[in-house]
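*Asks:* Let me begin by handing over the structure; questions about it come next.
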Amino acid sequence: MGPSSRETWAQRLGAFRASPSAFMAGPEAEDLGRDLLSDLRSEKLSEQTKVSLLALSLEYPAELWPDTPAAEATVTSLLDTLDFLPPRASALRRPLLLAATTALVAGGALGPTSGASLRLLPLLLGLASGRALGQGIGHSSEQRSLQATACECLRELESCKPGLLGGYLGLLRGLLGQGGPVGPVQPLSLLLALALRNTLAIQAKSRARASLQGLLTARVSPTGGGPWNWTLAEEGGAHLQPQVSPWLATEEEECGLSALEPSPEEALELRATVAQLLDTSYLLTPVAQAQLLWQLGWALRGLRGQLPVLFKSQLVRLLGTAQLTLLHAVLALKAAFGEALFTAQDEALLLRRLILAAQHPALPLPAHLFYLHCLLSFPENCPLGPAGEEALPLLLEPQLCCGLLPSLLLDPMALLACLHLLCLLCAEDEEKEEKGQGQSPRRYLEELLASLWQRAALNGGSRALATLCFQASYLVAYCLAGQPTVLTPLIHGLAQLYRARPVLAPHFVDLLDQVGSELGEPLRVVLQQEVVSRPGGDEALGWHLQMLAKVADRDAQSATLSFLQAAAVHCTDWGLQQALLQVCRNLLRAGVGEGLADLLQALARQLEDPDGRDHARLYYILLSHLSAPKLGVALGPSLVVPALASSLVAENQGFAATLMVQEAPAPIQLSVGARRAEGLVPVLQLQVEVLEPVYSLELRFRVEGQLYEPLGAVHVPCLFPGRPTRPLLLPLQPRRPAPTQLDIRALYTTTTGLTCYAHLPPLPVNFADLFLPFPQPPEGASLGFFEELWESCLPKGTESRLWCPLGPQGLEDLVSRHLEPFVVVAQPPTSYHIAIRLPPDSRLLLRLEKAQADGVPVVLRTDEWAVLPLVGDYLRGLATAV
């Protein structure tokens, strides 16, 4: 199939961009990537069309090359296409380099075992240094653009694989020194800064680090196809994550950098490199300058002995900048180095600049918010106080902020930012009252809040005004939580706002969910009093019930119940009845019982809606039959949220799991312990372990068929993980001596009060678990006792002979391990007479005599014919039993 035309490609690209996922699921998906790579070499397509094809590969590399082999083949094909380009200037070289880099990274093919990586990396480094130009790659007119593109590609690779260029710092440093104003100073500077930052981070965490001086002075350059130094990149993969932001460093990373102690020679070379980068920063754009400062500040702030004075010349120049990106970088340097770089005059100048800039009347809103944010988070030593408490910078005084006081004319976001600043001023002014110098910040704050409440209380007021009012109230409560002189008028103001406009009840509910106990508890009490003081037939009854469902508690029970009784008469529709019942539900959860039962009985009789009557009746039954803890769990958050037509059915399903036994995965592990050969009946010793606390555990056992009598349950009051427990004893009452399997079910209570049921894995009851010893005969009568038992087995019983292999263990060791409790007569190590009682009333007698090296002949007698196969299997298995 020949190459596609320009029109065909336009249709295919349009279909792909319209829905990439749908296109890749269609029949043309497999051929798209292959056709794209093939047509890049076609002479029938123009360079503009080929550039559009490469742009697609830059935007959707993961869709076109989804796996590592495909990405490897793609990079190889793109580099071959680059080699085939004629020596004249071409618009394809830069997109080809970008596409190859993108495919290598997106496909995860970047690594020492990748042939495409070993081919692309030396090419990019050669282009960045200008050595590859003149070797058939690029024309002299393309030198600057190709060098800049190669640097950007290398920077992308270094960001994804930290330490990739660590072995070539000296080469990059030499290129930057030779570049001058005609070279790609900006891409080289950013590339060197990033590589230096990553190298220092890796060196700080590496046990056997390379010489930093050698890395900064070596001028090695790999040839095409030659070896690449992957040492630092492999170490970086274990210590560093791919870079997201140059300034986002954790405390652990900072401590790691502080552990790096360069030698005097290394420190000298490092300072020279940083000074070289800072000297070239004058030639960079503002955004690039800011990024360079961030990178270098990050690299040096944790190192010992690297004086921040290197940045002093830049600081003098940048303190008067009007570029927001550069101002941001200056603040980052302030946060990193503090007094080591900034004098008191520098701090005062920077703070005054921020204040004056934030007050400029023609400032756009984003810039205004940026300056306010910088003031609120100014990196300055704040007064000592509790952890997490906000405070003003030491240098920021109320007189300086007169032009930044919040006003109702400001944009809502700007008003909140200025209000935040005002709250911090009030925190500073807690014990100081300015006299003769205008209003105090606290008085201004109270007047501002009053104005906001007044506007929000207007009937028909916009939702945006109400939202702004509650945002401001929350901000004040958050910043001034420890000042009762501010919180008291705030609580009364909010109560007056609710009195004037109950429709804002949802906003009050959200506010109560967000604020702390300092404001939440007194505000809840005031709002409850405000609601219950209203007549039951108020027009805003629905909002009152919604508010009361949030604030109702054990306090003021009589007033609350009186309000609900009065409101019940006016709850004629389904919505009001459900709101009323929600309040009753919350009172049940809070433990209110006195008086509530009468209310629920009345509601069960007088509510018009049958769903409401059923709810009231159900709540009354729960109140009458459940204890307070169980009731709280039953009415807690629902474990399921079914979407059913009836609210009663939905609520029943919500707490049915609490009131009923539910099946759950068992947090219990049961196993059979050591055998007990004593007593009148066989007893199993059960070892039990739990993965979580379990209470009132009941284990129920069942045996299939009629071989055993019904087994009793075993009860355990409580079990806890990690605590030793006594073995559980389970008596067995077999009707015939035969092995079986126990089916086990567990019933228990969890820490949340739920009663759960679980089916445990079955436990086997082996034939040997049924063995019981005969009573011990008098001393000296053992042989006669055994002979008497031996003769009594015939003629009703049976006699059999078999061979018992011994394996590596001798007869004496075998008997001591498995049959010791049942030995009646012993003549070690060659002869043993063994008597075993099998419940309910059978016997098994064994004569083990004349033992040989590989086994012992066994003569057995029993009065139970059915046990002969079981005895044979048991004796033959003793040689291999542990």
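Numbering starts fresh at 1 for the residues of each chain in the structure tokens, the chains themselves are lettered A, B, ... in the order given, and ligands are numbered from 1 as they appear.
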Just asking: which residues within region 717-830 of chain A are strand (DSSP E or B) according to DSSP, as an MDAnalysis selection string?

*Replies:* chainID A and resid 717:719 728:731 734 740:749 755:765 772:773 798:805 823:827

*Asks:* Write the residues of the selection above to a file with N, CA and C atoms, as a CSV table (one decimal), in the first residue's frame.

*Replies:*
chain,number,residue,atom,x,y,z
A,717,PRO,N,-15.9,-15.5,76.4
A,717,PRO,CA,-16.3,-14.2,76.6
A,717,PRO,C,-15.7,-13.1,75.7
A,718,CYS,N,-14.4,-13.2,75.5
A,718,CYS,CA,-13.7,-12.2,74.7
A,718,CYS,C,-12.4,-12.7,74.2
A,719,LEU,N,-11.9,-12.3,73.1
A,719,LEU,CA,-10.6,-12.6,72.6
A,719,LEU,C,-10.0,-11.4,71.9
A,728,LEU,N,-9.3,-24.4,74.0
A,728,LEU,CA,-10.8,-24.7,74.2
A,728,LEU,C,-10.9,-26.2,74.1
A,729,LEU,N,-11.7,-26.8,75.1
A,729,LEU,CA,-11.8,-28.3,75.2
A,729,LEU,C,-13.2,-28.6,74.6
A,730,LEU,N,-13.2,-29.6,73.6
A,730,LEU,CA,-14.4,-30.0,72.9
A,730,LEU,C,-14.5,-31.5,73.2
A,731,PRO,N,-15.4,-32.0,74.1
A,731,PRO,CA,-15.6,-33.4,74.3
A,731,PRO,C,-16.3,-34.1,73.1
A,734,PRO,N,-18.4,-40.3,70.2
A,734,PRO,CA,-18.6,-41.1,69.0
A,734,PRO,C,-19.5,-42.3,69.4
A,740,THR,N,-13.8,-38.4,61.5
A,740,THR,CA,-14.8,-37.6,60.9
A,740,THR,C,-14.3,-36.2,60.6
A,741,GLN,N,-15.2,-35.3,60.3
A,741,GLN,CA,-14.9,-33.9,60.0
A,741,GLN,C,-15.9,-33.0,60.7
A,742,LEU,N,-15.4,-32.0,61.4
A,742,LEU,CA,-16.3,-31.1,62.1
A,742,LEU,C,-16.6,-29.9,61.2
A,743,ASP,N,-17.9,-29.6,61.1
A,743,ASP,CA,-18.4,-28.4,60.4
A,743,ASP,C,-18.6,-27.4,61.5
A,744,ILE,N,-17.9,-26.2,61.4
A,744,ILE,CA,-17.9,-25.2,62.5
A,744,ILE,C,-18.5,-23.9,62.0
A,745,ARG,N,-19.3,-23.3,62.9
A,745,ARG,CA,-19.9,-22.0,62.6
A,745,ARG,C,-19.7,-21.1,63.9
A,746,ALA,N,-19.4,-19.9,63.6
A,746,ALA,CA,-19.1,-19.0,64.8
A,746,ALA,C,-20.1,-17.8,64.8
A,747,LEU,N,-20.5,-17.5,66.0
A,747,LEU,CA,-21.4,-16.4,66.3
A,747,LEU,C,-20.7,-15.5,67.3
A,748,TYR,N,-20.5,-14.2,66.9
A,748,TYR,CA,-19.8,-13.3,67.8
A,748,TYR,C,-20.2,-11.9,67.6
A,749,THR,N,-19.8,-11.0,68.5
A,749,THR,CA,-20.1,-9.6,68.5
A,749,THR,C,-18.8,-8.8,68.2
A,755,THR,N,-23.7,-8.1,65.6
A,755,THR,CA,-23.7,-9.5,65.8
A,755,THR,C,-23.5,-10.2,64.4
A,756,CYS,N,-22.4,-11.0,64.3
A,756,CYS,CA,-22.0,-11.5,63.0
A,756,CYS,C,-21.9,-13.0,63.1
A,757,TYR,N,-22.1,-13.6,62.0
A,757,TYR,CA,-22.1,-15.1,61.8
A,757,TYR,C,-21.1,-15.4,60.7
A,758,ALA,N,-20.3,-16.5,61.0
A,758,ALA,CA,-19.3,-16.9,60.0
A,758,ALA,C,-19.1,-18.4,60.0
A,759,HIS,N,-18.8,-18.9,58.8
A,759,HIS,CA,-18.5,-20.3,58.6
A,759,HIS,C,-17.0,-20.6,58.6
A,760,LEU,N,-16.5,-21.3,59.5
A,760,LEU,CA,-15.0,-21.5,59.6
A,760,LEU,C,-14.7,-22.8,58.8
A,761,PRO,N,-13.4,-22.9,58.4
A,761,PRO,CA,-13.0,-24.1,57.7
A,761,PRO,C,-13.1,-25.3,58.5
A,762,PRO,N,-13.5,-26.4,58.0
A,762,PRO,CA,-13.8,-27.7,58.8
A,762,PRO,C,-12.5,-28.2,59.4
A,763,LEU,N,-12.6,-28.8,60.5
A,763,LEU,CA,-11.5,-29.4,61.2
A,763,LEU,C,-11.6,-31.0,61.2
A,764,PRO,N,-10.5,-31.7,60.9
A,764,PRO,CA,-10.6,-33.1,60.9
A,764,PRO,C,-10.5,-33.7,62.3
A,765,VAL,N,-11.2,-34.8,62.6
A,765,VAL,CA,-11.0,-35.7,63.8
A,765,VAL,C,-10.4,-37.0,63.3
A,772,LEU,N,-8.1,-43.8,74.0
A,772,LEU,CA,-8.1,-43.5,75.4
A,772,LEU,C,-7.3,-44.7,76.1
A,773,PRO,N,-6.6,-44.4,77.2
A,773,PRO,CA,-5.9,-45.5,77.9
A,773,PRO,C,-6.8,-46.3,78.8
A,798,THR,N,-11.7,-60.4,66.7
A,798,THR,CA,-10.9,-60.8,65.6
A,798,THR,C,-9.4,-60.6,65.9
A,799,GLU,N,-8.5,-61.3,65.2
A,799,GLU,CA,-7.1,-61.1,65.3
A,799,GLU,C,-6.5,-60.9,63.9
A,800,SER,N,-5.5,-60.1,63.9
A,800,SER,CA,-4.8,-59.8,62.6
A,800,SER,C,-3.4,-59.6,62.8
A,801,ARG,N,-2.6,-59.8,61.7
A,801,ARG,CA,-1.2,-59.6,61.8
A,801,ARG,C,-0.8,-58.6,60.6
A,802,LEU,N,0.1,-57.7,60.9
A,802,LEU,CA,0.6,-56.8,59.8
A,802,LEU,C,2.0,-56.4,60.2
A,803,TRP,N,2.6,-55.7,59.2
A,803,TRP,CA,4.0,-55.2,59.3
A,803,TRP,C,4.0,-53.7,59.5
A,804,CYS,N,4.7,-53.2,60.5
A,804,CYS,CA,4.8,-51.8,60.8
A,804,CYS,C,6.1,-51.3,60.5
A,805,PRO,N,6.3,-50.6,59.4
A,805,PRO,CA,7.7,-50.0,59.0
A,805,PRO,C,8.1,-49.0,60.1
A,823,VAL,N,0.9,-47.9,76.7
A,823,VAL,CA,1.8,-49.1,76.9
A,823,VAL,C,1.4,-49.7,78.3
A,824,VAL,N,1.2,-51.0,78.3
A,824,VAL,CA,0.9,-51.7,79.5
A,824,VAL,C,2.1,-52.5,80.0
A,825,VAL,N,2.7,-53.2,79.0
A,825,VAL,CA,3.9,-54.0,79.3
A,825,VAL,C,5.0,-53.6,78.3
A,826,ALA,N,6.2,-53.3,78.8
A,826,ALA,CA,7.3,-52.8,77.9
A,826,ALA,C,8.6,-53.6,78.3
A,827,GLN,N,9.2,-54.1,77.2
A,827,GLN,CA,10.5,-54.7,77.3
A,827,GLN,C,11.4,-54.0,76.2

*Asks:* Within 10 Å of region 103-108 of chain A, which residues of region 151-195 of chain A show up? Give each one with its shortest atom-to-atom distance in Å (one decimal) and the two atoms involved, counting only C-alpha atoms, rows by chain then rising residue number, as CSV.

*Replies:*
residue,atom,partner,partner_atom,distance
A:Glu156,CA,A:Val105,CA,8.7
A:Leu157,CA,A:Val105,CA,7.2
A:Cys160,CA,A:Val105,CA,7.4
A:Lys161,CA,A:Val105,CA,9.2

*Asks:* How would the residues just chosen look if you wrote them out with C-alpha atoms as a PDB file, in the first residue's frame?

*Replies:*
ATOM      1  CA  GLU A 156      13.240  16.429  29.811  1.00  0.00           C
ATOM      2  CA  LEU A 157      15.224  13.198  30.009  1.00  0.00           C
ATOM      3  CA  CYS A 160      12.424  11.804  34.120  1.00  0.00           C
ATOM      4  CA  LYS A 161      15.686  10.018  34.957  1.00  0.00           C
TER       5      LYS A 161
END

*Asks:* Write out as a list in words which residues come within 7 Å of Ala99 (chain A) when counting only C-alpha atoms, dropping same-chain ones fewer than 5 positions away.

*Replies:*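 The filter keeps Leu54, Ser57 and Leu58 of chain A.
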
*Asks:* Considering only C-alpha atoms, return as a list in words whatever protein or nucleic-acid residues lie within 12 Å of Ser145 (chain A), sequence-local ones (same chain, fewer than 4 positions apart) excluded.

*Replies:*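 Residues near the query, excluding close chain neighbours: Ala89, Ser90, Ala91, Leu92, Arg93, Arg94, Pro95, Leu97, Leu127, Ala128, Gly130, Leu133, Gly138, His139, Ser140, Ser141, Thr149, Ala150, Cys151, Glu152, Val182, Gly183, Pro184, Val185 and Pro187 of chain A.
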
*Asks:* Please write the residues from the selection above to a file, keeping N, CA, C and O atoms, as a JSON list (two decimals), in the first residue's frame.

*Replies:*
[["chain", "number", "residue", "atom", "x", "y", "z"],
["A", 89, "ALA", "N", 18.77, 22.95, 5.13],
["A", 89, "ALA", "CA", 17.92, 23.25, 6.28],
["A", 89, "ALA", "C", 16.55, 22.60, 6.11],
["A", 89, "ALA", "O", 15.99, 22.58, 5.02],
["A", 90, "SER", "N", 16.02, 22.07, 7.18],
["A", 90, "SER", "CA", 14.74, 21.37, 7.13],
["A", 90, "SER", "C", 13.96, 21.67, 8.40],
["A", 90, "SER", "O", 14.53, 21.77, 9.50],
["A", 91, "ALA", "N", 12.63, 21.80, 8.22],
["A", 91, "ALA", "CA", 11.76, 22.05, 9.37],
["A", 91, "ALA", "C", 11.43, 20.79, 10.14],
["A", 91, "ALA", "O", 10.70, 20.85, 11.14],
["A", 92, "LEU", "N", 11.98, 19.64, 9.73],
["A", 92, "LEU", "CA", 11.64, 18.37, 10.37],
["A", 92, "LEU", "C", 12.61, 17.97, 11.47],
["A", 92, "LEU", "O", 12.29, 17.10, 12.28],
["A", 93, "ARG", "N", 13.81, 18.54, 11.50],
["A", 93, "ARG", "CA", 14.82, 18.05, 12.43],
["A", 93, "ARG", "C", 14.40, 18.27, 13.89],
["A", 93, "ARG", "O", 14.51, 17.36, 14.72],
["A", 94, "ARG", "N", 13.95, 19.45, 14.20],
["A", 94, "ARG", "CA", 13.55, 19.71, 15.59],
["A", 94, "ARG", "C", 12.34, 18.87, 16.00],
["A", 94, "ARG", "O", 12.35, 18.25, 17.08],
["A", 95, "PRO", "N", 11.25, 18.78, 15.20],
["A", 95, "PRO", "CA", 10.15, 17.90, 15.60],
["A", 95, "PRO", "C", 10.56, 16.43, 15.72],
["A", 95, "PRO", "O", 10.03, 15.71, 16.57],
["A", 97, "LEU", "N", 13.53, 15.28, 16.71],
["A", 97, "LEU", "CA", 14.20, 15.12, 18.00],
["A", 97, "LEU", "C", 13.21, 15.12, 19.16],
["A", 97, "LEU", "O", 13.31, 14.30, 20.08],
["A", 127, "LEU", "N", 24.62, 17.49, 19.65],
["A", 127, "LEU", "CA", 23.93, 18.66, 19.09],
["A", 127, "LEU", "C", 23.97, 19.84, 20.07],
["A", 127, "LEU", "O", 24.16, 20.99, 19.66],
["A", 128, "ALA", "N", 23.80, 19.54, 21.37],
["A", 128, "ALA", "CA", 23.84, 20.62, 22.36],
["A", 128, "ALA", "C", 25.21, 21.28, 22.41],
["A", 128, "ALA", "O", 25.32, 22.49, 22.65],
["A", 130, "GLY", "N", 27.27, 21.36, 19.79],
["A", 130, "GLY", "CA", 27.63, 21.84, 18.45],
["A", 130, "GLY", "C", 28.53, 20.90, 17.69],
["A", 130, "GLY", "O", 28.90, 21.19, 16.55],
["A", 133, "LEU", "N", 26.79, 19.08, 14.54],
["A", 133, "LEU", "CA", 26.54, 19.92, 13.38],
["A", 133, "LEU", "C", 27.73, 19.83, 12.42],
["A", 133, "LEU", "O", 28.88, 19.87, 12.82],
["A", 138, "GLY", "N", 21.98, 18.66, 10.27],
["A", 138, "GLY", "CA", 21.71, 20.08, 10.41],
["A", 138, "GLY", "C", 22.59, 20.96, 9.53],
["A", 138, "GLY", "O", 23.70, 20.59, 9.14],
["A", 139, "HIS", "N", 22.05, 22.12, 9.27],
["A", 139, "HIS", "CA", 22.73, 23.14, 8.48],
["A", 139, "HIS", "C", 23.18, 24.24, 9.43],
["A", 139, "HIS", "O", 22.68, 24.37, 10.55],
["A", 140, "SER", "N", 24.16, 25.01, 8.99],
["A", 140, "SER", "CA", 24.68, 26.07, 9.87],
["A", 140, "SER", "C", 23.60, 27.06, 10.28],
["A", 140, "SER", "O", 23.65, 27.62, 11.38],
["A", 141, "SER", "N", 22.60, 27.26, 9.42],
["A", 141, "SER", "CA", 21.53, 28.19, 9.77],
["A", 141, "SER", "C", 20.62, 27.65, 10.87],
["A", 141, "SER", "O", 19.86, 28.40, 11.48],
["A", 149, "THR", "N", 16.93, 22.98, 21.03],
["A", 149, "THR", "CA", 16.03, 21.83, 21.08],
["A", 149, "THR", "C", 16.70, 20.65, 21.77],
["A", 149, "THR", "O", 16.08, 19.94, 22.58],
["A", 150, "ALA", "N", 17.98, 20.40, 21.45],
["A", 150, "ALA", "CA", 18.70, 19.30, 22.08],
["A", 150, "ALA", "C", 18.80, 19.51, 23.59],
["A", 150, "ALA", "O", 18.66, 18.57, 24.38],
["A", 151, "CYS", "N", 19.02, 20.75, 24.04],
["A", 151, "CYS", "CA", 19.08, 21.02, 25.47],
["A", 151, "CYS", "C", 17.73, 20.77, 26.13],
["A", 151, "CYS", "O", 17.66, 20.21, 27.24],
["A", 152, "GLU", "N", 16.65, 21.17, 25.47],
["A", 152, "GLU", "CA", 15.33, 20.93, 26.03],
["A", 152, "GLU", "C", 15.03, 19.43, 26.13],
["A", 152, "GLU", "O", 14.44, 18.96, 27.11],
["A", 182, "VAL", "N", 26.05, 34.41, 21.80],
["A", 182, "VAL", "CA", 25.59, 33.82, 20.54],
["A", 182, "VAL", "C", 25.14, 32.38, 20.73],
["A", 182, "VAL", "O", 24.52, 31.80, 19.85],
["A", 183, "GLY", "N", 25.47, 31.77, 21.85],
["A", 183, "GLY", "CA", 25.08, 30.39, 22.10],
["A", 183, "GLY", "C", 23.73, 30.32, 22.78],
["A", 183, "GLY", "O", 23.17, 31.33, 23.21],
["A", 184, "PRO", "N", 23.18, 29.10, 22.90],
["A", 184, "PRO", "CA", 21.89, 28.92, 23.58],
["A", 184, "PRO", "C", 22.08, 29.00, 25.10],
["A", 184, "PRO", "O", 22.06, 27.98, 25.79],
["A", 185, "VAL", "N", 22.26, 30.21, 25.60],
["A", 185, "VAL", "CA", 22.59, 30.39, 27.01],
["A", 185, "VAL", "C", 21.45, 29.90, 27.90],
["A", 185, "VAL", "O", 21.67, 29.20, 28.90],
["A", 187, "PRO", "N", 18.78, 27.65, 27.43],
["A", 187, "PRO", "CA", 18.61, 26.19, 27.57],
["A", 187, "PRO", "C", 19.77, 25.52, 28.29],
["A", 187, "PRO", "O", 19.57, 24.62, 29.10]]

*Asks:* Residues near Asp67 (chain A), anyone? I mean within 9 Å using only C-alpha atoms, not counting same-chain ones fewer than 2 positions away, as a list in words.

*Replies:*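 That gives Ala62, Trp65, Pro69, Ala70, Ala71, Glu72, Ala106, Gly107, Gly108 and Ala109 of chain A.
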
*Asks:* So which residues touch region 321-327 of chain A within 10 Å, counting only C-alpha atoms, skipping near sequence neighbours fewer than 6 positions away, as a tab-separated table (two decimals) with N, CA, C and O atoms, in the first residue's frame?

*Replies:*
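Listing of result09.tsv after writing:
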chain	number	residue	atom	x	y	z
A	286	PRO	N	12.40	36.36	32.20
A	286	PRO	CA	12.01	36.36	33.61
A	286	PRO	C	11.57	34.98	34.12
A	286	PRO	O	11.94	34.57	35.23
A	287	VAL	N	10.81	34.25	33.33
A	287	VAL	CA	10.36	32.92	33.77
A	287	VAL	C	11.56	31.99	33.93
A	287	VAL	O	11.67	31.23	34.91
A	288	ALA	N	12.50	32.03	32.98
A	288	ALA	CA	13.68	31.17	33.06
A	288	ALA	C	14.57	31.59	34.24
A	288	ALA	O	15.16	30.74	34.91
A	289	GLN	N	14.69	32.89	34.47
A	289	GLN	CA	15.47	33.35	35.63
A	289	GLN	C	14.89	32.81	36.93
A	289	GLN	O	15.62	32.34	37.81
A	290	ALA	N	13.56	32.89	37.06
A	290	ALA	CA	12.91	32.39	38.28
A	290	ALA	C	13.16	30.90	38.46
A	290	ALA	O	13.48	30.43	39.55
A	291	GLN	N	13.05	30.14	37.37
A	291	GLN	CA	13.28	28.71	37.48
A	291	GLN	C	14.73	28.40	37.85
A	291	GLN	O	15.00	27.50	38.65
A	293	LEU	N	16.74	30.33	39.62
A	293	LEU	CA	16.94	30.66	41.03
A	293	LEU	C	16.33	29.58	41.94
A	293	LEU	O	16.90	29.23	42.97
A	294	TRP	N	15.19	29.07	41.56
A	294	TRP	CA	14.56	28.01	42.35
A	294	TRP	C	15.45	26.78	42.37
A	294	TRP	O	15.64	26.15	43.41
A	315	LEU	N	19.98	39.43	44.43
A	315	LEU	CA	18.96	39.98	45.31
A	315	LEU	C	18.86	41.50	45.16
A	315	LEU	O	17.76	42.06	45.12
A	333	LEU	N	13.76	32.26	47.99
A	333	LEU	CA	15.10	32.41	48.55
A	333	LEU	C	15.04	32.89	49.99
A	333	LEU	O	15.83	32.47	50.85
A	350	LEU	N	11.34	44.55	51.19
A	350	LEU	CA	10.51	43.58	50.48
A	350	LEU	C	9.08	43.61	51.00
A	350	LEU	O	8.12	43.57	50.21
A	353	ARG	N	7.34	46.71	49.76
A	353	ARG	CA	7.02	46.56	48.33
A	353	ARG	C	5.74	45.75	48.14
A	353	ARG	O	4.87	46.08	47.33
A	354	LEU	N	5.60	44.65	48.90
A	354	LEU	CA	4.40	43.84	48.78
A	354	LEU	C	3.16	44.61	49.21
A	354	LEU	O	2.10	44.52	48.57
A	357	ALA	N	2.38	47.35	46.56
A	357	ALA	CA	1.90	46.75	45.31
A	357	ALA	C	0.49	46.22	45.46
A	357	ALA	O	-0.33	46.31	44.54
A	367	ALA	N	-3.18	39.35	40.15
A	367	ALA	CA	-1.97	39.91	40.76
A	367	ALA	C	-2.24	40.42	42.17
A	367	ALA	O	-1.42	40.26	43.08
A	370	PHE	N	-2.30	37.52	44.41
A	370	PHE	CA	-0.94	37.01	44.60
A	370	PHE	C	-0.20	37.81	45.66
A	370	PHE	O	0.44	37.23	46.56
A	371	TYR	N	-0.27	39.13	45.59
A	371	TYR	CA	0.42	39.95	46.59
A	371	TYR	C	-0.16	39.72	47.99
A	371	TYR	O	0.59	39.66	48.98
A	374	CYS	N	1.17	36.49	49.30
A	374	CYS	CA	2.56	36.64	49.73
A	374	CYS	C	2.63	37.30	51.11
A	374	CYS	O	3.46	36.92	51.95

*Asks:* What's around Gln528 (chain A) at 8 Å? Count only C-alpha atoms, leave out sequence neighbours fewer than 6 positions away in its own chain, and write the answer as a list in words.

*Replies:*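 Once the nearby chain positions are removed, what remains is Met547, Leu548, Val551 and Ala552 of chain A.
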
*Asks:* Give me a file of those residues, with N, CA and C atoms, as a PDB file, in the first residue's frame.

*Replies:*
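And here is the file that came out, selection.pdb:
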ATOM      1  N   MET A 547     -32.685  22.662  61.026  1.00  0.00           N
ATOM      2  CA  MET A 547     -31.701  23.206  61.954  1.00  0.00           C
ATOM      3  C   MET A 547     -31.711  22.430  63.264  1.00  0.00           C
ATOM      4  N   LEU A 548     -32.907  22.077  63.746  1.00  0.00           N
ATOM      5  CA  LEU A 548     -33.014  21.372  65.007  1.00  0.00           C
ATOM      6  C   LEU A 548     -32.434  19.959  64.906  1.00  0.00           C
ATOM      7  N   VAL A 551     -28.777  20.550  65.715  1.00  0.00           N
ATOM      8  CA  VAL A 551     -28.334  21.094  66.998  1.00  0.00           C
ATOM      9  C   VAL A 551     -29.012  20.433  68.191  1.00  0.00           C
ATOM     10  N   ALA A 552     -30.063  19.629  67.976  1.00  0.00           N
ATOM     11  CA  ALA A 552     -30.785  19.035  69.110  1.00  0.00           C
ATOM     12  C   ALA A 552     -29.882  18.080  69.865  1.00  0.00           C
TER      13      ALA A 552
END

*Asks:* Determine, using only C-alpha atoms, which residues of region 771-824 of chain A have any atom at most 9 Å from an atom of region 840-845 of chain A, and tabulate each with its shortest atom pair and distance in Å to one decimal place, rows ordered by chain and then rising number, as a Markdown table.

*Replies:*
| residue | atom | partner | partner_atom | distance |
| --- | --- | --- | --- | --- |
| A:Phe786 | CA | A:Leu845 | CA | 8.4 |
| A:Leu789 | CA | A:Leu845 | CA | 7.9 |
| A:Trp790 | CA | A:Leu845 | CA | 6.8 |
| A:Cys793 | CA | A:Arg843 | CA | 8.3 |

*Asks:* Please dump the current selection as a short mmCIF file (atom, residue, chain, number, x, y, z; two decimals), in the first residue's frame; keep N, CA, C and O atoms.

*Replies:*
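selection_0.cif, written as the output of this step:
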data_model
loop_
_atom_site.label_atom_id
_atom_site.label_comp_id
_atom_site.auth_asym_id
_atom_site.auth_seq_id
_atom_site.Cartn_x
_atom_site.Cartn_y
_atom_site.Cartn_z
N PHE A 786 -2.89 -57.45 80.88
CA PHE A 786 -2.91 -57.44 79.43
C PHE A 786 -3.33 -58.80 78.87
O PHE A 786 -4.11 -58.87 77.90
N LEU A 789 -7.04 -59.15 79.03
CA LEU A 789 -7.70 -58.42 77.95
C LEU A 789 -7.51 -59.13 76.62
O LEU A 789 -8.43 -59.16 75.77
N TRP A 790 -6.33 -59.66 76.40
CA TRP A 790 -6.01 -60.33 75.14
C TRP A 790 -6.93 -61.54 74.91
O TRP A 790 -7.45 -61.74 73.82
N CYS A 793 -10.85 -60.92 73.98
CA CYS A 793 -11.26 -60.44 72.66
C CYS A 793 -11.81 -61.56 71.79
O CYS A 793 -12.55 -61.30 70.83
#
